[in-house]
Amino acid sequence: MADPMRIRAQAAGDKATVRVLMSHEMESGQRKDSAGKVVPAWYIQDVSASLNGKVVLTAEWGPAVSKNPFMQFVVKGAKAGDKIAVTWKDNKGDSRTDEATVS
Amino acid sequence: MKRWTLALAAIMISGAALAQKSASDGIAEYRAMLADGNPAELFEAKGEDLWKQKRGPKNATLEKCDLGKGPGVVKGAFVELPRHFADTNKVQDLESRLVTCMETLQGFNGAEIAKTAYGRGEQNNVTALATWIAAESRGLKFNLPNSHQQEKVMYEVGKRLFFMRSGTHDFSCASCHGEDGKRIRLQDLPNLTKNPGDGIGFAAWPAYRVSNGQMWSMQLRLNDCYRQQRFPFPLFGSDATVALGAYMGVNAKGAENIAPAIKR
């Protein structure tokens, strides 16, 4: 199973800034290993974020995104105590969801 | 036509203003942008889990591991390593000490871990543990005891190794890290023969290397220094690398620890 994400969400005024750090290899499928064989592509394809269960962001990612990706976004109307959940799903079907409370 | 010339002049002036920002300012800005989402945090979280997790043939945690400040004391341990340990009667750095704990408490084969390539298997776990332990001492100042006879010997050995010129390029550590104001391409090189300042050199590793997406411990950093000098690779946890750690650590007395840092 994949390692957990680190999610920080901080409210300022009527919006909150969310910073997410994901743990993922993000293999592009372009690299070769020491034996000369192509390292198969393995990357996050779908990302979604929700505020108290309501989806506020969806994204489609590809192999150009870096290893251990960092994502930052702003949610309107999020206040301290609200729950932010982030989910990613990769091209091997593996997925992970983590939740954080807005502070 | 005249307006066009004026516009061009304006562009050239702003270009000149941009050029005044030095390369190291640019790199510092780049690092500050990255530091907000330093992936070292992922390794930190992993290391903390590993510390508390029952693992190995003895199915035990590392929570009784003595890093120099008594069994289980993690906070402040990093800024006092390498130091002498009575149970092994050796001066050990953070990583070699962790391997000792994994051997005695959890029943892993320490020699086997030392032989494992960096970034693989248990070696990866040692790096994650070191990252978390270093992070627990973030903001503290380096203060190696350097009082035991063996610690003093290690410091002197480290100093000799630091200045020892050899290899096909007739290099020593001091060739790059022996004076102020040197750099390789755009990277400033710290002067490690004295306290290089807060969060520089010994006080910055383990660090996450953005360019290859790897978490690097001090042992691996030293290994890479020797690779660049065209020396044979030092063994993991060898006396030579621990001695260099002792030399740099004692020199860094009073420097603030920012590890785990982020590097280009």
# chains A, B, ... in the order shown; residues from 1 in each chain; ligands from 1
>>> interface_residues(of="chain B", to="chain A", cutoff="8 Å", atoms="only C-alpha atoms", output="VMD selection string")
chain B and resid 37 39 41 to 42 46 213
>>> residues_around(residues="A:Asp46", least_positions_apart="5", cutoff="8 Å", atoms="only C-alpha atoms", output="list in words")
Thr58, Ala59, Glu60, Trp61, Trp88, Lys89 and Asp90 of chain A
>>> atom_distance(atom1="atom CA of B:Leu98", atom2="atom CA of B:Leu222")
17.5 Å
>>> residues_around(residues="A:Val56", least_positions_apart="5", cutoff="10 Å", atoms="only C-alpha atoms", output="list in words")
Ser48, Ala49, Ser50, Leu51, Val74, Val75, Lys76, Ile84 and Ala85 of chain A
>>> write_last_selection(atoms="N, CA and C atoms", output="PDB file, in the first residue's frame")
ATOM      1  N   SER A  48      -8.394  14.087  -6.808  1.00  0.00           N
ATOM      2  CA  SER A  48      -9.575  14.875  -6.460  1.00  0.00           C
ATOM      3  C   SER A  48      -9.468  15.313  -5.015  1.00  0.00           C
ATOM      4  N   ALA A  49     -10.082  16.444  -4.730  1.00  0.00           N
ATOM      5  CA  ALA A  49     -10.084  16.965  -3.372  1.00  0.00           C
ATOM      6  C   ALA A  49     -11.504  17.334  -3.000  1.00  0.00           C
ATOM      7  N   SER A  50     -11.854  17.113  -1.741  1.00  0.00           N
ATOM      8  CA  SER A  50     -13.205  17.476  -1.324  1.00  0.00           C
ATOM      9  C   SER A  50     -13.175  18.227  -0.010  1.00  0.00           C
ATOM     10  N   LEU A  51     -14.174  19.079   0.145  1.00  0.00           N
ATOM     11  CA  LEU A  51     -14.334  19.863   1.366  1.00  0.00           C
ATOM     12  C   LEU A  51     -15.605  19.352   2.045  1.00  0.00           C
ATOM     13  N   VAL A  74      -6.392  26.729  -3.413  1.00  0.00           N
ATOM     14  CA  VAL A  74      -7.141  27.562  -2.469  1.00  0.00           C
ATOM     15  C   VAL A  74      -8.614  27.182  -2.554  1.00  0.00           C
ATOM     16  N   VAL A  75      -9.249  26.971  -1.406  1.00  0.00           N
ATOM     17  CA  VAL A  75     -10.676  26.646  -1.380  1.00  0.00           C
ATOM     18  C   VAL A  75     -11.434  27.809  -0.771  1.00  0.00           C
ATOM     19  N   LYS A  76     -12.439  28.274  -1.504  1.00  0.00           N
ATOM     20  CA  LYS A  76     -13.273  29.355  -0.975  1.00  0.00           C
ATOM     21  C   LYS A  76     -14.257  28.780   0.042  1.00  0.00           C
ATOM     22  N   ILE A  84     -10.749  18.429   4.862  1.00  0.00           N
ATOM     23  CA  ILE A  84     -10.292  18.391   3.474  1.00  0.00           C
ATOM     24  C   ILE A  84      -9.790  16.970   3.214  1.00  0.00           C
ATOM     25  N   ALA A  85     -10.330  16.333   2.194  1.00  0.00           N
ATOM     26  CA  ALA A  85      -9.856  14.994   1.841  1.00  0.00           C
ATOM     27  C   ALA A  85      -9.294  15.020   0.423  1.00  0.00           C
TER      28      ALA A  85
END
>>> select_by_dssp(residues="stretch 17-145 of chain B", states="strand (DSSP E or B)", output="list in words")
Arg55, Ala60, Asp66, Pro71, Arg83, His84, Phe85, Lys90, Val91, Gln92 and Lys141 of chain B
>>> write_last_selection(atoms="C-alpha atoms", output="mmCIF file, in the first residue's frame")
data_model
loop_
_atom_site.group_PDB
_atom_site.id
_atom_site.type_symbol
_atom_site.label_atom_id
_atom_site.label_comp_id
_atom_site.auth_asym_id
_atom_site.auth_seq_id
_atom_site.Cartn_x
_atom_site.Cartn_y
_atom_site.Cartn_z
ATOM 1 C CA ARG B 55 9.935 -5.379 13.079
ATOM 2 C CA ALA B 60 10.659 -5.403 18.460
ATOM 3 C CA ASP B 66 20.078 4.568 22.870
ATOM 4 C CA PRO B 71 17.340 4.662 25.735
ATOM 5 C CA ARG B 83 29.857 10.272 19.757
ATOM 6 C CA HIS B 84 31.395 7.414 21.737
ATOM 7 C CA PHE B 85 29.106 4.589 22.867
ATOM 8 C CA LYS B 90 33.136 2.771 19.308
ATOM 9 C CA VAL B 91 32.513 6.262 18.052
ATOM 10 C CA GLN B 92 29.367 6.016 15.937
ATOM 11 C CA LYS B 141 22.511 23.832 17.870
#
>>> select_by_dssp(residues="stretch 47-201 of chain B", states="helix (DSSP H, G or I)", output="number ranges by chain")
B: 47-52, 78-80, 94-104, 110-115, 121-135, 149-163, 173-177, 201
>>> write_last_selection(atoms="C-alpha atoms", output="compact mmCIF listing (two decimals), in the first residue's frame")
# COMPACT_ATOMS: atom_id res chain seq x y z
CA GLY B 47 10.90 7.11 9.78
CA GLU B 48 8.64 7.89 12.73
CA ASP B 49 6.44 4.90 11.86
CA LEU B 50 9.48 2.63 11.52
CA TRP B 51 10.77 3.70 14.95
CA LYS B 52 7.51 2.64 16.63
CA PHE B 78 21.17 14.25 16.33
CA VAL B 79 23.11 17.40 17.22
CA GLU B 80 25.43 15.40 19.52
CA LEU B 94 23.61 8.40 13.52
CA GLU B 95 23.34 5.82 10.80
CA SER B 96 25.89 3.33 12.13
CA ARG B 97 24.23 3.66 15.55
CA LEU B 98 20.83 2.94 14.02
CA VAL B 99 22.20 -0.22 12.42
CA THR B 100 23.56 -1.30 15.83
CA CYS B 101 20.10 -0.79 17.35
CA MET B 102 18.42 -2.68 14.50
CA GLU B 103 20.84 -5.53 15.15
CA THR B 104 20.65 -5.69 18.96
CA GLY B 110 23.89 -5.35 10.63
CA ALA B 111 26.64 -6.42 8.23
CA GLU B 112 23.97 -7.32 5.69
CA ILE B 113 22.36 -3.86 5.98
CA ALA B 114 25.76 -2.15 5.63
CA LYS B 115 26.34 -4.08 2.39
CA GLY B 121 15.70 -2.57 1.26
CA GLU B 122 16.64 -1.93 4.88
CA GLN B 123 19.14 0.75 3.84
CA ASN B 124 16.17 2.82 2.70
CA ASN B 125 14.64 2.38 6.16
CA VAL B 126 17.87 3.52 7.85
CA THR B 127 17.72 6.73 5.77
CA ALA B 128 14.07 7.30 6.69
CA LEU B 129 14.83 6.76 10.39
CA ALA B 130 17.81 9.13 10.19
CA THR B 131 15.60 11.73 8.49
CA TRP B 132 13.02 11.60 11.28
CA ILE B 133 15.64 11.65 14.06
CA ALA B 134 17.39 14.65 12.46
CA ALA B 135 14.03 16.43 12.15
CA GLN B 149 39.60 9.92 24.27
CA GLN B 150 38.28 8.00 21.26
CA GLU B 151 36.16 10.98 20.18
CA LYS B 152 39.27 13.15 20.18
CA VAL B 153 41.14 10.52 18.17
CA MET B 154 38.28 10.35 15.64
CA TYR B 155 38.31 14.14 15.30
CA GLU B 156 42.06 14.12 14.55
CA VAL B 157 41.68 11.21 12.10
CA GLY B 158 38.84 13.04 10.39
CA LYS B 159 40.97 16.15 10.07
CA ARG B 160 43.81 14.15 8.49
CA LEU B 161 41.41 12.47 6.06
CA PHE B 162 39.87 15.82 5.19
CA PHE B 163 43.23 17.17 4.06
CA CYS B 173 37.98 17.19 0.74
CA ALA B 174 39.82 20.44 1.46
CA SER B 175 40.32 21.10 -2.27
CA CYS B 176 36.66 22.11 -2.46
CA HIS B 177 35.66 22.68 1.17
CA GLY B 201 27.15 21.59 5.49
>>> atom_distance(atom1="atom CA of B:Leu235", atom2="atom CA of B:Arg120")
15.6 Å
>>> closest_residue(among="B:Gln219, B:Ser137, B:Asn251, B:Asn146", to="B:Asp239", atoms="only C-alpha atoms")
B:Gln219
>>> residues_around(residues="stretch 25-36 of chain B", least_positions_apart="5", cutoff="8 Å", atoms="only C-alpha atoms", output="PyMOL selection string")
chain B and resi 261-264
>>> atom_distance(atom1="atom CA of A:Lys79", atom2="atom CA of A:Asp14")
7.0 Å
>>> closest_residue(among="A:Ile7, A:Val39, A:Ala16, A:Ala2", to="A:Gly93", atoms="only C-alpha atoms")
A:Ala2
>>> closest_residue(among="B:Phe171, B:Phe233, B:Phe142, B:Trp216", to="B:Ala246", atoms="only C-alpha atoms")
B:Phe142
